[in-house]
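What follows is a set of notes on a single structure, which appears directly below.
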Amino acid sequence: MTVARRDDTMAGMASLRRAPRLAAEPGVTTLEDLLGRVARGDTPAFELLFDRVASSVFGVIRRVLRDPAQSEEVAQEVLLEVWRTAPRFDEERGSATTWIHTMAHRRAIDRVRAAQAAHDREEKVALRDHEPPFDVVADRVEARLEQEQVRRCLDGLTDLQRESVTLAYYAGHTYREVAELLEVPLGTVKTRMRDGLIRMRDCLGVTA
């Protein structure tokens, strides 16, 4: 199927939520099977895949963004990406659920970063013609240096440690929510969080 036909199909994604649930065909019982058919341009297979994963994709995104409208928009983007990139799915590297949910989580994080970047730009514009007192400037410089140091220390963590710390302390999730988002046991998240915070403490030179 050409990209144009794929895009035409995706234009009606919102209506798919209201479409009748399709019955699974013989031999097509898993998301991996459905992704294989979607990769070959099978629209009915995508409709069934959409029906199965739309709710969980929205849930993953909502935990990060909180805002329902933004979560809905990003979920649509993720499902469009699934439709377009289905041929890249490699079952040997993980399950279809993990592949799709990881895509959703990354999109949500990207939206948070984009919103923060937009906020920073607006703040710069608002302050462009304003010269703050020296002590305010000094405080901002110090805060910026601390942010850069924290960023460097975060880069020194493992992927799981960094994601756990970011979700818990920057996105405000509980340990249990972090475990669900990353699809790992709660005990593993707690261990990685503890180890990550110890490494952050040492990197930042914070005394106990």
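Going by the structure tokens order, chains are called A, B, ..., each with residues numbered from 1, while ligands are numbered from 1 in the order shown.
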**OP:** Determine, counting only C-alpha atoms, which protein, DNA and RNA residues have an atom within 9 Å of an atom of A:Glu32; residues of the same chain fewer than 3 positions away are not included. Present the result as a list in words.
**Re:** Val28, Thr29, Leu35, Gly36, Arg37, Phe89, Glu91, Ser95, Ala96 and Thr97 of chain A
**OP:** Identify, on the basis of only C-alpha atoms, every residue whose closest approach to A:Glu183 does not exceed 12 Å; exclude the query and any residue fewer than 6 positions from it along the same chain; express the result as a PyMOL selection string.
**Re:** chain A and resi 60+94-95+97-99+101-102+105+160+163-164+175-177+189
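Checking A:Ala75, A:Gly59, A:Leu80, A:Val64 one by one against A:Val38, counting only C-alpha atoms, you find the shortest gap at A:Leu80.
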**OP:** Run DSSP on the backbone and grab whatever in stretch 143-189 of chain A lands in helix (DSSP H, G or I); send it over as a PyMOL selection string.
**Re:** chain A and resi 143-155+159-169+175-182+186-189
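Using only C-alpha atoms, the smallest distance between any of A:Val74, A:Ala86, A:Met103, A:Ala54 and A:Leu34 comes from A:Ala86.
Ranking A:Leu31, A:Asp51, A:Arg40, A:Ala114 by their shortest atom-to-atom distance to A:Pro87, with only C-alpha atoms included, puts A:Arg40 first.
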Subject >> Point-to-point distance in Å for atom CA of A:Asp155 and atom CA of A:Arg88 >> reply: 27.6 Å
**OP:** Do a neighbour search on A:Ala108 at 8 Å with only C-alpha atoms, toss out local chain neighbours closer than 4 positions, and write the hits as a ChimeraX atom specification.
**Re:** /A:61,64-65,71,74,104,112
Keeping only N, CA and C atoms, write those residues as a PDB file, in the first residue's frame.
```
ATOM      1  N   ILE A  61      -0.228   7.488  27.654  1.00  0.00           N
ATOM      2  CA  ILE A  61       0.026   8.901  27.372  1.00  0.00           C
ATOM      3  C   ILE A  61      -0.592   9.790  28.443  1.00  0.00           C
ATOM      4  N   VAL A  64       1.370  10.545  31.537  1.00  0.00           N
ATOM      5  CA  VAL A  64       2.474  11.499  31.387  1.00  0.00           C
ATOM      6  C   VAL A  64       1.949  12.921  31.195  1.00  0.00           C
ATOM      7  N   LEU A  65       0.965  13.089  30.318  1.00  0.00           N
ATOM      8  CA  LEU A  65       0.494  14.427  29.969  1.00  0.00           C
ATOM      9  C   LEU A  65      -0.602  14.956  30.884  1.00  0.00           C
ATOM     10  N   SER A  71      -3.704  14.307  25.382  1.00  0.00           N
ATOM     11  CA  SER A  71      -3.498  12.855  25.364  1.00  0.00           C
ATOM     12  C   SER A  71      -4.201  12.231  24.171  1.00  0.00           C
ATOM     13  N   VAL A  74      -2.129  13.083  21.006  1.00  0.00           N
ATOM     14  CA  VAL A  74      -0.896  12.305  20.897  1.00  0.00           C
ATOM     15  C   VAL A  74      -1.206  10.835  20.612  1.00  0.00           C
ATOM     16  N   ALA A 104       4.335   5.157  22.432  1.00  0.00           N
ATOM     17  CA  ALA A 104       3.400   6.091  23.062  1.00  0.00           C
ATOM     18  C   ALA A 104       4.094   6.903  24.151  1.00  0.00           C
ATOM     19  N   VAL A 112       5.872  16.785  26.216  1.00  0.00           N
ATOM     20  CA  VAL A 112       6.222  17.527  27.428  1.00  0.00           C
ATOM     21  C   VAL A 112       7.432  18.419  27.163  1.00  0.00           C
TER      22      VAL A 112
END
```
**OP:** Write out as a list in words which residues come within 12 Å of A:Val178 when counting only C-alpha atoms, dropping same-chain ones fewer than 5 positions away.
**Re:** Val60, Arg63, Val64, His105, Leu160, Gln161, Arg162, Glu163, Ser164, Val165, Thr166, Leu167, Ala168, Tyr169, Tyr170, Ala171, Gly172, His173, Glu183, Val184, Pro185, Leu186, Gly187, Thr188, Val189, Lys190, Arg192 and Met193 of chain A
Please dump the current selection as a PDB file, in the first residue's frame; keep C-alpha atoms.
```
ATOM      1  CA  VAL A  60       0.060   5.406  28.836  1.00  0.00           C
ATOM      2  CA  ARG A  63      -0.255   9.256  32.791  1.00  0.00           C
ATOM      3  CA  VAL A  64       2.474  11.499  31.387  1.00  0.00           C
ATOM      4  CA  HIS A 105       5.589   6.904  26.060  1.00  0.00           C
ATOM      5  CA  LEU A 160      15.920   2.357  33.391  1.00  0.00           C
ATOM      6  CA  GLN A 161      17.318   4.428  36.255  1.00  0.00           C
ATOM      7  CA  ARG A 162      17.030   7.639  34.264  1.00  0.00           C
ATOM      8  CA  GLU A 163      13.478   6.908  33.084  1.00  0.00           C
ATOM      9  CA  SER A 164      12.400   5.899  36.597  1.00  0.00           C
ATOM     10  CA  VAL A 165      13.844   9.026  38.221  1.00  0.00           C
ATOM     11  CA  THR A 166      12.446  11.302  35.506  1.00  0.00           C
ATOM     12  CA  LEU A 167       8.937   9.852  35.691  1.00  0.00           C
ATOM     13  CA  ALA A 168       8.865   9.895  39.504  1.00  0.00           C
ATOM     14  CA  TYR A 169      10.481  13.250  40.260  1.00  0.00           C
ATOM     15  CA  TYR A 170       9.733  15.321  37.155  1.00  0.00           C
ATOM     16  CA  ALA A 171       6.404  13.890  35.958  1.00  0.00           C
ATOM     17  CA  GLY A 172       5.082  13.221  39.487  1.00  0.00           C
ATOM     18  CA  HIS A 173       4.270   9.508  39.122  1.00  0.00           C
ATOM     19  CA  GLU A 183       6.317  -2.538  32.170  1.00  0.00           C
ATOM     20  CA  VAL A 184       8.728  -3.814  34.807  1.00  0.00           C
ATOM     21  CA  PRO A 185       8.103  -5.248  38.301  1.00  0.00           C
ATOM     22  CA  LEU A 186       7.531  -2.750  41.112  1.00  0.00           C
ATOM     23  CA  GLY A 187      10.476  -4.176  43.065  1.00  0.00           C
ATOM     24  CA  THR A 188      12.767  -3.595  40.093  1.00  0.00           C
ATOM     25  CA  VAL A 189      11.677   0.041  39.842  1.00  0.00           C
ATOM     26  CA  LYS A 190      12.287   0.601  43.559  1.00  0.00           C
ATOM     27  CA  ARG A 192      16.707   1.023  40.206  1.00  0.00           C
ATOM     28  CA  MET A 193      15.292   4.213  41.733  1.00  0.00           C
TER      29      MET A 193
END
```
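Here atom CA of A:Glu180 and atom CA of A:Asp90 stand 22.4 Å from one another.
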Original post:
Taking into account only C-alpha atoms, which residue in the set A:Ile100, A:Ala45, A:Ala39, A:Leu154 is nearest to A:Phe58?
Top reply: A:Ile100
Subject >> One-decimal distance in Å that lies between atom CA of A:Glu47 and atom CA of A:Leu182 >> reply: 25.9 Å
